[in-house]
file start.cif (mmCIF, C-alpha atoms)
data_query
#
loop_
_atom_site.group_PDB
_atom_site.id
_atom_site.type_symbol
_atom_site.label_atom_id
_atom_site.label_comp_id
_atom_site.auth_asym_id
_atom_site.auth_seq_id
_atom_site.Cartn_x
_atom_site.Cartn_y
_atom_site.Cartn_z
ATOM 1 C CA MET A 4 85.540 25.103 129.596
ATOM 2 C CA LYS A 5 89.111 23.799 129.950
ATOM 3 C CA LEU A 6 87.877 21.025 132.238
ATOM 4 C CA THR A 7 85.244 19.995 129.684
ATOM 5 C CA ILE A 8 87.815 19.823 126.870
ATOM 6 C CA ALA A 9 90.245 17.854 129.045
ATOM 7 C CA THR A 10 87.478 15.446 130.104
ATOM 8 C CA SER A 11 86.408 14.977 126.464
ATOM 9 C CA LEU A 12 89.978 14.221 125.360
ATOM 10 C CA LEU A 13 90.374 11.740 128.204
ATOM 11 C CA LEU A 14 87.163 9.930 127.231
ATOM 12 C CA ILE A 15 88.176 9.825 123.557
ATOM 13 C CA GLY A 16 91.586 8.381 124.513
ATOM 14 C CA ALA A 17 89.966 5.770 126.763
ATOM 15 C CA ASN A 18 87.556 4.817 123.975
ATOM 16 C CA VAL A 19 90.434 4.334 121.485
ATOM 17 C CA MET A 20 92.309 2.154 124.005
ATOM 18 C CA ALA A 21 89.145 0.088 124.626
ATOM 19 C CA GLN A 22 88.683 -0.429 120.874
ATOM 20 C CA ASP A 23 92.296 -1.607 120.546
ATOM 21 C CA SER A 24 91.714 -4.172 123.308
ATOM 22 C CA TYR A 25 89.030 -5.752 121.090
ATOM 23 C CA LYS A 26 91.448 -6.264 118.202
ATOM 24 C CA PRO A 27 92.747 -9.805 117.787
ATOM 25 C CA ARG A 28 96.387 -10.191 118.832
ATOM 26 C CA ILE A 29 98.934 -12.210 116.870
ATOM 27 C CA SER A 30 102.159 -13.709 118.253
ATOM 28 C CA PRO A 31 104.684 -15.997 116.565
ATOM 29 C CA PHE A 32 104.249 -19.706 117.319
ATOM 30 C CA PHE A 33 107.238 -21.929 116.626
ATOM 31 C CA ASP A 34 106.563 -25.537 115.693
ATOM 32 C CA ARG A 35 108.335 -28.186 113.646
ATOM 33 C CA ILE A 36 105.158 -29.877 112.506
ATOM 34 C CA ASP A 37 103.431 -27.642 109.979
ATOM 35 C CA GLY A 38 106.285 -26.801 107.600
ATOM 36 C CA GLY A 39 105.535 -23.095 107.518
ATOM 37 C CA PRO A 40 105.112 -20.063 109.734
ATOM 38 C CA SER A 41 102.619 -20.398 112.579
ATOM 39 C CA PHE A 42 100.913 -17.880 114.814
ATOM 40 C CA PHE A 43 99.170 -17.832 118.172
ATOM 41 C CA VAL A 44 95.972 -15.762 117.855
ATOM 42 C CA GLU A 45 93.930 -14.324 120.726
ATOM 43 C CA CYS A 46 90.416 -13.079 119.976
ATOM 44 C CA ARG A 47 88.010 -11.414 122.380
ATOM 45 C CA ASN A 48 84.322 -12.268 122.462
ATOM 46 C CA THR A 49 83.011 -8.778 121.697
ATOM 47 C CA GLY A 50 79.375 -9.887 121.827
ATOM 48 C CA VAL A 51 76.922 -9.852 124.706
ATOM 49 C CA GLU A 52 76.335 -13.625 124.691
ATOM 50 C CA GLN A 53 78.493 -16.688 125.190
ATOM 51 C CA VAL A 54 80.091 -18.160 122.076
ATOM 52 C CA SER A 55 81.188 -21.751 121.576
ATOM 53 C CA SER A 56 84.943 -22.157 121.231
ATOM 54 C CA GLY A 57 84.170 -24.107 118.049
ATOM 55 C CA ALA A 58 82.306 -21.191 116.444
ATOM 56 C CA ASP A 59 83.427 -19.870 113.083
ATOM 57 C CA VAL A 60 83.888 -16.339 114.447
ATOM 58 C CA TRP A 61 87.373 -17.215 115.773
ATOM 59 C CA ALA A 62 89.855 -16.251 113.064
ATOM 60 C CA SER A 63 87.124 -16.349 110.454
ATOM 61 C CA TRP A 64 89.238 -14.520 107.847
ATOM 62 C CA LEU A 65 92.941 -14.145 107.121
ATOM 63 C CA ARG A 66 94.668 -11.428 105.173
ATOM 64 C CA ILE A 67 98.138 -12.230 103.838
ATOM 65 C CA ASP A 68 100.129 -9.361 102.358
ATOM 66 C CA GLY A 69 96.938 -7.293 102.099
ATOM 67 C CA THR A 70 94.907 -9.987 100.276
ATOM 68 C CA VAL A 71 92.026 -11.815 101.969
ATOM 69 C CA VAL A 72 92.479 -15.608 101.852
ATOM 70 C CA PRO A 73 89.397 -17.813 101.304
ATOM 71 C CA GLU A 74 88.492 -20.150 104.190
ATOM 72 C CA GLU A 75 88.240 -23.275 102.005
ATOM 73 C CA SER A 76 92.014 -23.477 101.643
ATOM 74 C CA GLY A 77 92.561 -25.071 105.038
ATOM 75 C CA VAL A 78 91.748 -27.478 107.817
ATOM 76 C CA ARG A 79 90.460 -26.459 111.234
ATOM 77 C CA ILE A 80 90.373 -28.642 114.309
ATOM 78 C CA GLY A 81 89.755 -28.205 117.991
ATOM 79 C CA PRO A 82 90.781 -30.228 121.017
ATOM 80 C CA GLY A 83 87.648 -32.381 120.667
ATOM 81 C CA LEU A 84 85.403 -30.749 123.218
ATOM 82 C CA THR A 85 84.178 -27.181 123.106
ATOM 83 C CA THR A 86 83.684 -24.686 125.874
ATOM 84 C CA ASP A 87 81.731 -21.460 126.143
ATOM 85 C CA ILE A 88 83.597 -18.161 125.852
ATOM 86 C CA GLY A 89 81.784 -15.475 127.831
ATOM 87 C CA PRO A 90 81.367 -11.838 126.789
ATOM 88 C CA GLY A 91 84.693 -10.030 127.052
ATOM 89 C CA GLN A 92 86.696 -13.250 127.465
ATOM 90 C CA LEU A 93 89.569 -14.306 125.220
ATOM 91 C CA TRP A 94 89.818 -17.461 123.225
ATOM 92 C CA ARG A 95 93.070 -18.592 121.739
ATOM 93 C CA GLY A 96 94.078 -20.636 118.776
ATOM 94 C CA ILE A 97 96.940 -21.495 116.442
ATOM 95 C CA ILE A 98 97.090 -20.676 112.733
ATOM 96 C CA ALA A 99 99.681 -22.388 110.526
ATOM 97 C CA LEU A 100 100.530 -21.337 106.980
ATOM 98 C CA ARG A 101 101.670 -24.628 105.504
ATOM 99 C CA GLN A 102 103.806 -24.562 102.405
ATOM 100 C CA SER A 103 102.487 -27.881 101.104
ATOM 101 C CA TYR A 104 99.575 -30.216 101.769
ATOM 102 C CA HIS A 105 99.826 -32.636 104.735
ATOM 103 C CA SER A 106 97.112 -35.167 105.513
ATOM 104 C CA PHE A 107 97.519 -34.856 109.273
ATOM 105 C CA ALA A 108 96.211 -32.217 111.641
ATOM 106 C CA ALA A 109 98.269 -31.272 114.685
ATOM 107 C CA ALA A 110 96.607 -30.956 118.083
ATOM 108 C CA ALA A 111 95.535 -27.694 119.671
ATOM 109 C CA LYS A 112 97.925 -27.120 122.609
ATOM 110 C CA PHE A 113 99.155 -24.535 125.100
ATOM 111 C CA GLY A 114 95.696 -23.261 125.980
ATOM 112 C CA ALA A 115 94.576 -23.035 122.351
ATOM 113 C CA LEU A 116 90.952 -23.990 121.745
ATOM 114 C CA ALA A 117 91.380 -24.414 117.975
ATOM 115 C CA ARG A 118 94.098 -24.976 115.430
ATOM 116 C CA SER A 119 93.805 -24.017 111.793
ATOM 117 C CA SER A 120 96.188 -24.851 108.979
ATOM 118 C CA ARG A 121 95.997 -23.513 105.471
ATOM 119 C CA VAL A 122 98.177 -24.202 102.464
ATOM 120 C CA ILE A 123 99.392 -20.743 101.492
ATOM 121 C CA PRO A 124 102.683 -20.885 99.575
ATOM 122 C CA LEU A 125 104.873 -17.909 100.451
ATOM 123 C CA SER A 126 107.741 -16.400 98.535
ATOM 124 C CA GLN A 127 110.947 -15.746 100.383
ATOM 125 C CA GLY A 128 111.025 -12.416 102.207
ATOM 126 C CA ARG A 129 108.821 -10.036 104.176
ATOM 127 C CA HIS A 130 105.104 -10.719 104.667
ATOM 128 C CA THR A 131 102.184 -9.557 106.769
ATOM 129 C CA ILE A 132 99.274 -11.443 108.290
ATOM 130 C CA ALA A 133 96.071 -10.062 109.774
ATOM 131 C CA VAL A 134 93.187 -12.008 111.315
ATOM 132 C CA GLN A 135 89.513 -11.146 111.612
ATOM 133 C CA CYS A 136 87.548 -12.364 114.626
ATOM 134 C CA ALA A 137 83.852 -11.576 115.035
ATOM 135 C CA GLY A 138 84.104 -8.807 112.449
ATOM 136 C CA VAL A 139 87.178 -7.114 113.985
ATOM 137 C CA TRP A 140 90.525 -7.136 112.147
ATOM 138 C CA SER A 141 93.859 -7.331 113.928
ATOM 139 C CA ASP A 142 96.697 -5.037 113.031
ATOM 140 C CA ASP A 143 99.055 -6.387 110.371
ATOM 141 C CA PHE A 144 101.719 -8.611 111.934
ATOM 142 C CA GLU A 145 105.014 -8.533 110.046
ATOM 143 C CA PHE A 146 107.064 -11.704 109.605
ATOM 144 C CA TYR A 147 109.786 -13.045 107.345
ATOM 145 C CA TRP A 148 109.873 -16.385 105.574
ATOM 146 C CA GLU A 149 112.990 -18.104 104.291
ATOM 147 C CA SER A 150 112.105 -20.675 101.637
ATOM 148 C CA GLU A 151 115.498 -22.344 101.335
ATOM 149 C CA THR A 152 115.683 -25.910 102.588
ATOM 150 C CA HIS A 153 118.452 -27.988 104.098
ATOM 151 C CA PRO A 154 120.431 -29.826 101.394
#

call {"tool": "encode", "arguments": {"input": "start.cif", "output": "C-alpha cells"}}
result
Amino acid sequence: MKLTIATSLLLIGANVMAQDSYKPRISPFFDRIDGGPSFFVECRNTGVEQVSSGADVWASWLRIDGTVVPEESGVRIGPGLTTDIGPGQLWRGIIALRQSYHSFAAAAKFGALARSSRVIPLSQGRHTIAVQCAGVWSDDFEFYWESETHP
C-alpha cells in the first residue's frame, strides 16, 4: 500500500513537471531598436505533427497586466524562410512592446524564427506579460518600465 501511494505521488509529480515544460518561457531581450521592452519567447510544439515556424500558433496571444491584447495591434515578421518545428521541439522568437509606431521591422536574430512588435503604451512601473503558444499560456513574467526620457 505504501509503495502504491509513493508511486502515485511520484507519477503525479512527474506529470506536473512535464506540463510545466510545455509552458512557453519568457526571458528579457535588450535591444535599442524597438523603443520599449522586448522579450525572447520559447514555445514548444506540443502537437504530434510538424509545424511551420511561420505558423500563427507561436505567441498567438499576449496578456499584459492580466488583459489579453488583440493581435491586430502589431507587426510580425520572420527571417524570410520558414522551417519545420517537429513535435516536442522548441521554436524561439522575439516580442517587442513598442511605445510608439515605427514603420520599420527589425530582423529576427539570435536563433529567433520570428519577431513580433506591437504598439502597447505602458505606464511607468511594474507590469506583467504572459504569452500563449498553441493554446498553452506561460506564467506571468514580471518587468518594470521607466517612461522617462533623456532630456

call {"tool": "resolve_selection", "arguments": {"input": "start.cif", "expression": "the PyMOL selection byres ((chain A and resi 97-112) around 8)", "output": "mmCIF file with C-alpha atoms, in the frame of the given file"}}
result
data_model
loop_
_atom_site.group_PDB
_atom_site.id
_atom_site.type_symbol
_atom_site.label_atom_id
_atom_site.label_comp_id
_atom_site.auth_asym_id
_atom_site.auth_seq_id
_atom_site.Cartn_x
_atom_site.Cartn_y
_atom_site.Cartn_z
ATOM 1 C CA PHE A 32 104.249 -19.706 117.319
ATOM 2 C CA ILE A 36 105.158 -29.877 112.506
ATOM 3 C CA ASP A 37 103.431 -27.642 109.979
ATOM 4 C CA GLY A 38 106.285 -26.801 107.600
ATOM 5 C CA GLY A 39 105.535 -23.095 107.518
ATOM 6 C CA PRO A 40 105.112 -20.063 109.734
ATOM 7 C CA SER A 41 102.619 -20.398 112.579
ATOM 8 C CA PHE A 42 100.913 -17.880 114.814
ATOM 9 C CA PHE A 43 99.170 -17.832 118.172
ATOM 10 C CA VAL A 44 95.972 -15.762 117.855
ATOM 11 C CA VAL A 78 91.748 -27.478 107.817
ATOM 12 C CA ILE A 80 90.373 -28.642 114.309
ATOM 13 C CA GLY A 81 89.755 -28.205 117.991
ATOM 14 C CA PRO A 82 90.781 -30.228 121.017
ATOM 15 C CA ARG A 95 93.070 -18.592 121.739
ATOM 16 C CA GLY A 96 94.078 -20.636 118.776
ATOM 17 C CA PHE A 113 99.155 -24.535 125.100
ATOM 18 C CA GLY A 114 95.696 -23.261 125.980
ATOM 19 C CA ALA A 115 94.576 -23.035 122.351
ATOM 20 C CA LEU A 116 90.952 -23.990 121.745
ATOM 21 C CA ALA A 117 91.380 -24.414 117.975
ATOM 22 C CA ARG A 118 94.098 -24.976 115.430
ATOM 23 C CA SER A 119 93.805 -24.017 111.793
ATOM 24 C CA SER A 120 96.188 -24.851 108.979
ATOM 25 C CA ARG A 121 95.997 -23.513 105.471
ATOM 26 C CA VAL A 122 98.177 -24.202 102.464
ATOM 27 C CA ILE A 123 99.392 -20.743 101.492
ATOM 28 C CA PRO A 124 102.683 -20.885 99.575
ATOM 29 C CA LEU A 125 104.873 -17.909 100.451
#

call {"tool": "closest_residue", "arguments": {"input": "start.cif", "among": "A:Gln127, A:Ser30, A:Gln92, A:Ser56", "to": "A:Glu145", "atoms": "all atoms listed in the file"}}
result
A:Ser30

call {"tool": "closest_residue", "arguments": {"input": "start.cif", "among": "A:Asp142, A:Val134, A:Asp87, A:Arg47", "to": "A:Trp64", "atoms": "only C-alpha atoms"}}
result
A:Val134

call {"tool": "resolve_selection", "arguments": {"input": "start.cif", "expression": "the PyMOL selection byres ((chain A and resi 138) around 12)", "output": "ChimeraX atom specification"}}
result
/A:25-27,46-50,59-65,134-137,139-141

call {"tool": "residues_around", "arguments": {"input": "start.cif", "residues": "stretch 68-72 of chain A", "least_positions_apart": "6", "cutoff": "7 Å", "atoms": "all atoms listed in the file", "output": "list in words"}}
result
His130, Thr131 and Ile132 of chain A

call {"tool": "atom_distance", "arguments": {"input": "start.cif", "atom1": "atom CA of A:Ile88", "atom2": "atom CA of A:Ile67"}}
result
27.0 Å

call {"tool": "atom_distance", "arguments": {"input": "start.cif", "atom1": "atom CA of A:Ser55", "atom2": "atom CA of A:Trp94"}}
result
9.8 Å

call {"tool": "atom_distance", "arguments": {"input": "start.cif", "atom1": "atom CA of A:Ala133", "atom2": "atom CA of A:Tyr147"}}
result
14.2 Å

call {"tool": "closest_residue", "arguments": {"input": "start.cif", "among": "A:Asp34, A:Glu52, A:Glu149, A:Glu45", "to": "A:Gly128", "atoms": "all atoms listed in the file"}}
result
A:Glu149

call {"tool": "axis_aligned_box", "arguments": {"input": "start.cif", "around": "stretch 55-64 of chain A", "padding_each_side": "8 Å", "output": "AutoDock Vina command-line options"}}
result
--center_x 85.5 --center_y -19.3 --center_z 114.7 --size_x 24.7 --size_y 25.6 --size_z 29.7
